[in-house]
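Here is the structure we will look at, set down as structure tokens.
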Amino acid sequence: MEAIFSIITLLGIVVPIFWGLVKFLRRFVKPNIQVIENPRIGVFPFVGDELAQELLEQDQRVYLEHFKDGEVVLVKTPAELRERITEGYYDLVHLLIRVNADSRIGVGEETEPVVNLIYDLMDTKTSHVIFAQENDPEATILTEGTEFSKNLVITINRNGEAFPTFFRQLYGLCIQGIPFGEAWVQLASQLPPTASMNRPDCLMLLNAPNKVLGPES
């Protein structure tokens with residue numbers, strides 16, 4: 001646990017430096033930006049997961065504030081989750097599911113490895129995947145060598161209201177035409193290294209840096 005907090009503190013120092021470098025390089029490099037107009041959002045909790053139901057209302061409000069084409073899809077099993085995601089043509093999936101220490105997802109006896117979901121997502125048009133529940137730090141969501149071309153967020157600690165507050169501000173930047181990763185770094189750089197309680201503890205893997213969750217057309 002101390003190692004995690006040390007990493008978070010270090011990121012608080014490194015991120016502002018990195019963001020300054022990004023702004024400097026933007027003067028010379030014009031990225032190939034792809035704007036996703038009217039992005040389709042899917043929010044997925046498991047039926048029977050009481051914590052997911054508690055978090056659903058506050059997370060749903062974040063998306064309603066910025067995007068119109070979204071829906072909440074209650075699923076009973078990991079297999080149903082994978083089926084609904086692959087059939088839904090979502091640009092962003094917000095997963096109110098927990099990945100346990102054994103790297104499995106599901107409620108009760110209906111569980112399966114999270115890697116099954118990852119492989120199915122690889123064949124979809126989804127460009128942003130948010131694991132929004134607090135996941136076990138020991139869980140392995142991406143196996144070594146997996147080529148996952150989606151922006152991926154893995155939540156370790158939501159820190160209460162810090163999670164919806166951060167993502168509300170994040171999407172507010174995105175609909176201004178700022179790519180997801182750039183908006184993330186810009187927002188994180190505004191918080192001092194000691195402000196860990198004012199933001200969620202998340203890992204963000206930027207695999208689709210040119211994707212922009214655009215405004216409604």
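Numbering starts fresh at 1 for the residues of each chain in the structure tokens, the chains themselves are lettered A, B, ... in the order given, and ligands are numbered from 1 as they appear.
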Item to check | Residues within 7 Å of stretch 45-62 of chain A, only C-alpha atoms, excluding chain neighbours under 2 positions, as an MDAnalysis selection string | outcome: chainID A and resid 43 64:65 73:76 95:97 107 164 168
Next on the checklist: Can you pull out every residue from chain A that DSSP, working from the backbone, puts in alpha helix (DSSP H), and format the result as a PyMOL selection string?
Outcome noted: chain A and resi 2-25+50-66+78-88+114-121+162-174+180-189
Please list as an mmCIF file with N, CA and C atoms, in the first residue's frame every residue within 7 Å of stretch 149-156 of chain A, counting only C-alpha atoms and excluding residues in the same chain fewer than 2 positions away.
```
data_model
loop_
_atom_site.group_PDB
_atom_site.id
_atom_site.type_symbol
_atom_site.label_atom_id
_atom_site.label_comp_id
_atom_site.auth_asym_id
_atom_site.auth_seq_id
_atom_site.Cartn_x
_atom_site.Cartn_y
_atom_site.Cartn_z
ATOM 1 N N SER A 127 -13.691 2.867 -28.047
ATOM 2 C CA SER A 127 -12.353 3.464 -27.941
ATOM 3 C C SER A 127 -11.981 3.829 -26.511
ATOM 4 N N HIS A 128 -12.964 3.802 -25.593
ATOM 5 C CA HIS A 128 -12.702 4.165 -24.199
ATOM 6 C C HIS A 128 -13.361 3.136 -23.284
ATOM 7 N N VAL A 129 -12.574 2.583 -22.373
ATOM 8 C CA VAL A 129 -13.060 1.567 -21.438
ATOM 9 C C VAL A 129 -12.716 2.024 -20.026
ATOM 10 N N ILE A 130 -13.747 2.195 -19.196
ATOM 11 C CA ILE A 130 -13.557 2.676 -17.829
ATOM 12 C C ILE A 130 -13.981 1.580 -16.852
ATOM 13 N N PHE A 131 -13.036 1.020 -16.117
ATOM 14 C CA PHE A 131 -13.363 0.124 -15.007
ATOM 15 C C PHE A 131 -13.576 1.013 -13.784
ATOM 16 N N ALA A 132 -14.844 1.301 -13.476
ATOM 17 C CA ALA A 132 -15.169 2.390 -12.558
ATOM 18 C C ALA A 132 -15.341 1.972 -11.105
ATOM 19 N N GLN A 133 -15.518 0.686 -10.848
ATOM 20 C CA GLN A 133 -15.535 0.248 -9.452
ATOM 21 C C GLN A 133 -14.103 0.138 -8.948
ATOM 22 N N GLU A 134 -13.961 0.041 -7.634
ATOM 23 C CA GLU A 134 -12.629 -0.116 -7.057
ATOM 24 C C GLU A 134 -12.179 -1.558 -7.268
ATOM 25 N N ASN A 135 -11.121 -1.722 -8.049
ATOM 26 C CA ASN A 135 -10.641 -3.045 -8.413
ATOM 27 C C ASN A 135 -9.475 -3.457 -7.522
ATOM 28 N N ASP A 136 -9.324 -4.747 -7.364
ATOM 29 C CA ASP A 136 -8.238 -5.253 -6.531
ATOM 30 C C ASP A 136 -6.896 -4.924 -7.186
ATOM 31 N N PRO A 137 -5.967 -4.309 -6.440
ATOM 32 C CA PRO A 137 -4.665 -3.958 -7.021
ATOM 33 C C PRO A 137 -3.885 -5.165 -7.537
ATOM 34 N N GLU A 147 -2.282 -6.546 -27.196
ATOM 35 C CA GLU A 147 -2.349 -5.301 -27.955
ATOM 36 C C GLU A 147 -3.769 -4.755 -27.864
ATOM 37 N N ARG A 158 -11.853 5.140 -5.562
ATOM 38 C CA ARG A 158 -12.684 6.232 -6.069
ATOM 39 C C ARG A 158 -12.581 7.492 -5.212
ATOM 40 N N ASP A 201 -7.883 7.481 -7.361
ATOM 41 C CA ASP A 201 -6.644 6.785 -7.697
ATOM 42 C C ASP A 201 -6.941 5.844 -8.861
ATOM 43 N N CYS A 202 -6.502 6.226 -10.040
ATOM 44 C CA CYS A 202 -6.777 5.455 -11.251
ATOM 45 C C CYS A 202 -5.500 5.298 -12.064
ATOM 46 N N LEU A 203 -5.442 4.205 -12.793
ATOM 47 C CA LEU A 203 -4.398 4.012 -13.789
ATOM 48 C C LEU A 203 -5.021 4.267 -15.154
ATOM 49 N N MET A 204 -4.373 5.084 -15.972
ATOM 50 C CA MET A 204 -4.888 5.382 -17.300
ATOM 51 C C MET A 204 -3.857 4.959 -18.338
ATOM 52 N N LEU A 205 -4.275 4.075 -19.241
ATOM 53 C CA LEU A 205 -3.415 3.626 -20.330
ATOM 54 C C LEU A 205 -3.924 4.255 -21.617
ATOM 55 N N LEU A 206 -3.096 5.071 -22.228
ATOM 56 C CA LEU A 206 -3.496 5.824 -23.414
ATOM 57 C C LEU A 206 -3.103 5.046 -24.667
ATOM 58 N N ASN A 207 -4.062 4.331 -25.227
ATOM 59 C CA ASN A 207 -3.803 3.522 -26.414
ATOM 60 C C ASN A 207 -4.496 4.061 -27.665
ATOM 61 N N ALA A 208 -5.348 5.076 -27.484
ATOM 62 C CA ALA A 208 -6.018 5.722 -28.623
ATOM 63 C C ALA A 208 -5.884 7.230 -28.438
#
```
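Take the candidates A:Ile118, A:Leu92, A:Ile85, A:Leu142 and check each one against A:Phe180 using only C-alpha atoms; the shortest distance goes to A:Leu92.
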Please extract the residues of stretch 95-201 of chain A with a backbone DSSP assignment of strand (DSSP E or B) and present them as an mmCIF file with N, CA and C atoms, in the first residue's frame.
```cif
data_model
loop_
_atom_site.group_PDB
_atom_site.id
_atom_site.type_symbol
_atom_site.label_atom_id
_atom_site.label_comp_id
_atom_site.auth_asym_id
_atom_site.auth_seq_id
_atom_site.Cartn_x
_atom_site.Cartn_y
_atom_site.Cartn_z
ATOM 1 N N LEU A 95 -17.774 0.549 -16.856
ATOM 2 C CA LEU A 95 -18.028 -0.744 -16.236
ATOM 3 C C LEU A 95 -18.086 -0.610 -14.718
ATOM 4 N N LEU A 96 -19.295 -0.691 -14.179
ATOM 5 C CA LEU A 96 -19.460 -0.681 -12.726
ATOM 6 C C LEU A 96 -19.353 -2.112 -12.216
ATOM 7 N N ARG A 104 -11.006 -12.185 -11.977
ATOM 8 C CA ARG A 104 -12.294 -12.632 -12.482
ATOM 9 C C ARG A 104 -13.358 -11.576 -12.186
ATOM 10 N N ILE A 105 -14.412 -11.589 -12.981
ATOM 11 C CA ILE A 105 -15.533 -10.675 -12.793
ATOM 12 C C ILE A 105 -16.820 -11.484 -12.681
ATOM 13 N N GLY A 106 -17.824 -10.881 -12.057
ATOM 14 C CA GLY A 106 -19.107 -11.549 -11.926
ATOM 15 C C GLY A 106 -19.594 -11.521 -10.491
ATOM 16 N N VAL A 107 -20.860 -11.910 -10.314
ATOM 17 C CA VAL A 107 -21.493 -11.926 -9.002
ATOM 18 C C VAL A 107 -21.880 -13.358 -8.658
ATOM 19 N N GLU A 110 -21.455 -17.049 -10.873
ATOM 20 C CA GLU A 110 -21.335 -16.746 -12.303
ATOM 21 C C GLU A 110 -20.158 -15.796 -12.528
ATOM 22 N N THR A 111 -18.954 -16.350 -12.562
ATOM 23 C CA THR A 111 -17.765 -15.530 -12.789
ATOM 24 C C THR A 111 -16.954 -16.108 -13.943
ATOM 25 N N GLU A 112 -16.101 -15.254 -14.500
ATOM 26 C CA GLU A 112 -15.186 -15.705 -15.544
ATOM 27 C C GLU A 112 -14.009 -14.737 -15.600
ATOM 28 N N PRO A 113 -12.902 -15.130 -16.217
ATOM 29 C CA PRO A 113 -11.736 -14.245 -16.290
ATOM 30 C C PRO A 113 -12.054 -12.953 -17.036
ATOM 31 N N HIS A 128 -12.964 3.802 -25.593
ATOM 32 C CA HIS A 128 -12.702 4.165 -24.199
ATOM 33 C C HIS A 128 -13.361 3.136 -23.284
ATOM 34 N N VAL A 129 -12.574 2.583 -22.373
ATOM 35 C CA VAL A 129 -13.060 1.567 -21.438
ATOM 36 C C VAL A 129 -12.716 2.024 -20.026
ATOM 37 N N ILE A 130 -13.747 2.195 -19.196
ATOM 38 C CA ILE A 130 -13.557 2.676 -17.829
ATOM 39 C C ILE A 130 -13.981 1.580 -16.852
ATOM 40 N N PHE A 131 -13.036 1.020 -16.117
ATOM 41 C CA PHE A 131 -13.363 0.124 -15.007
ATOM 42 C C PHE A 131 -13.576 1.013 -13.784
ATOM 43 N N ASN A 151 -8.365 3.366 -25.063
ATOM 44 C CA ASN A 151 -7.996 4.089 -23.853
ATOM 45 C C ASN A 151 -8.621 3.355 -22.669
ATOM 46 N N LEU A 152 -7.807 3.038 -21.694
ATOM 47 C CA LEU A 152 -8.242 2.175 -20.596
ATOM 48 C C LEU A 152 -7.996 2.856 -19.255
ATOM 49 N N VAL A 153 -9.035 2.884 -18.411
ATOM 50 C CA VAL A 153 -8.913 3.423 -17.059
ATOM 51 C C VAL A 153 -9.252 2.316 -16.070
ATOM 52 N N ILE A 154 -8.356 2.091 -15.119
ATOM 53 C CA ILE A 154 -8.558 1.088 -14.074
ATOM 54 C C ILE A 154 -8.581 1.818 -12.734
ATOM 55 N N THR A 155 -9.694 1.732 -12.038
ATOM 56 C CA THR A 155 -9.863 2.445 -10.771
ATOM 57 C C THR A 155 -9.399 1.576 -9.606
ATOM 58 N N ILE A 156 -8.585 2.166 -8.741
ATOM 59 C CA ILE A 156 -8.129 1.490 -7.526
ATOM 60 C C ILE A 156 -8.888 2.020 -6.312
ATOM 61 N N ASN A 157 -9.063 3.332 -6.265
ATOM 62 C CA ASN A 157 -9.770 3.964 -5.143
ATOM 63 C C ASN A 157 -10.547 5.163 -5.685
ATOM 64 N N ASP A 201 -7.883 7.481 -7.361
ATOM 65 C CA ASP A 201 -6.644 6.785 -7.697
ATOM 66 C C ASP A 201 -6.941 5.844 -8.861
#
```
Fewer than 3 positions away in the same chain doesn't count, so skip those; otherwise give me all residues within 8 Å of A:Leu121, counting only C-alpha atoms, as a JSON list (two decimals) with N, CA and C atoms, in the first residue's frame.
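Contents of out03.json, as written:
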```
[["chain", "number", "residue", "atom", "x", "y", "z"],
["A", 82, "ARG", "N", -20.59, -9.35, -22.04],
["A", 82, "ARG", "CA", -19.81, -9.37, -23.28],
["A", 82, "ARG", "C", -20.73, -9.30, -24.50],
["A", 85, "ILE", "N", -22.18, -5.70, -24.88],
["A", 85, "ILE", "CA", -21.17, -4.72, -25.31],
["A", 85, "ILE", "C", -20.85, -4.89, -26.79],
["A", 86, "THR", "N", -20.69, -6.12, -27.23],
["A", 86, "THR", "CA", -20.33, -6.35, -28.63],
["A", 86, "THR", "C", -21.49, -6.01, -29.57],
["A", 117, "LEU", "N", -13.51, -10.59, -21.47],
["A", 117, "LEU", "CA", -14.12, -9.30, -21.81],
["A", 117, "LEU", "C", -13.15, -8.45, -22.63],
["A", 118, "ILE", "N", -11.89, -8.44, -22.21],
["A", 118, "ILE", "CA", -10.88, -7.66, -22.93],
["A", 118, "ILE", "C", -10.77, -8.11, -24.38],
["A", 124, "THR", "N", -14.43, -4.53, -31.08],
["A", 124, "THR", "CA", -15.52, -3.56, -31.16],
["A", 124, "THR", "C", -14.98, -2.19, -31.56],
["A", 126, "THR", "N", -15.46, 0.36, -29.75],
["A", 126, "THR", "CA", -15.25, 1.07, -28.49],
["A", 126, "THR", "C", -13.82, 1.60, -28.41]]
```
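Excluding A:Gln169 and any residue on its chain fewer than 3 positions from it, the residues at most 10 Å away by only C-alpha atoms are Val62, Pro164, Thr165, Phe166, Gly172, Leu173, Cys174, Ala183, Trp184 and Leu187 of chain A.
Taking atom CA of A:Glu182 as the reference point, atom CA of A:Tyr90 is found at 21.5 Å.
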Checklist outcome for this item: Expressed in Å, the length from atom CA of A:Asp69 to atom CA of A:Ile175 is 13.8 Å
Item to check | Distance in Å - atom CA of A:Asp120 versus atom CA of A:His66 | outcome: 27.1 Å
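With distances taken over only C-alpha atoms, A:Glu37 is the one residue among A:Glu109, A:Asp123, A:Glu80, A:Glu37 lying closest to A:Lys68.
The residue that comes closest to A:Asp91, out of A:Leu170, A:Ile36, A:Ala188, A:Val114 and on the basis of only C-alpha atoms, is A:Ile36.
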Would you list the contacts of A:Thr140 as a compact mmCIF listing (two decimals) with C-alpha atoms, in the first residue's frame, taking every protein, DNA or RNA residue within 9 Å and counting only C-alpha atoms, but skipping same-chain residues closer than 5 positions in sequence?
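What landed in selection-v8.txt:
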```
# COMPACT_ATOMS: atom_id res chain seq x y z
CA VAL A 99 -12.15 -7.18 -10.97
CA ASN A 100 -11.18 -9.42 -8.06
CA ALA A 101 -7.70 -10.50 -7.00
CA ASP A 102 -8.06 -13.67 -9.09
CA SER A 103 -8.71 -11.43 -12.13
CA ARG A 104 -12.29 -12.63 -12.48
CA VAL A 114 -11.79 -10.56 -17.16
CA VAL A 115 -9.50 -11.34 -20.09
```
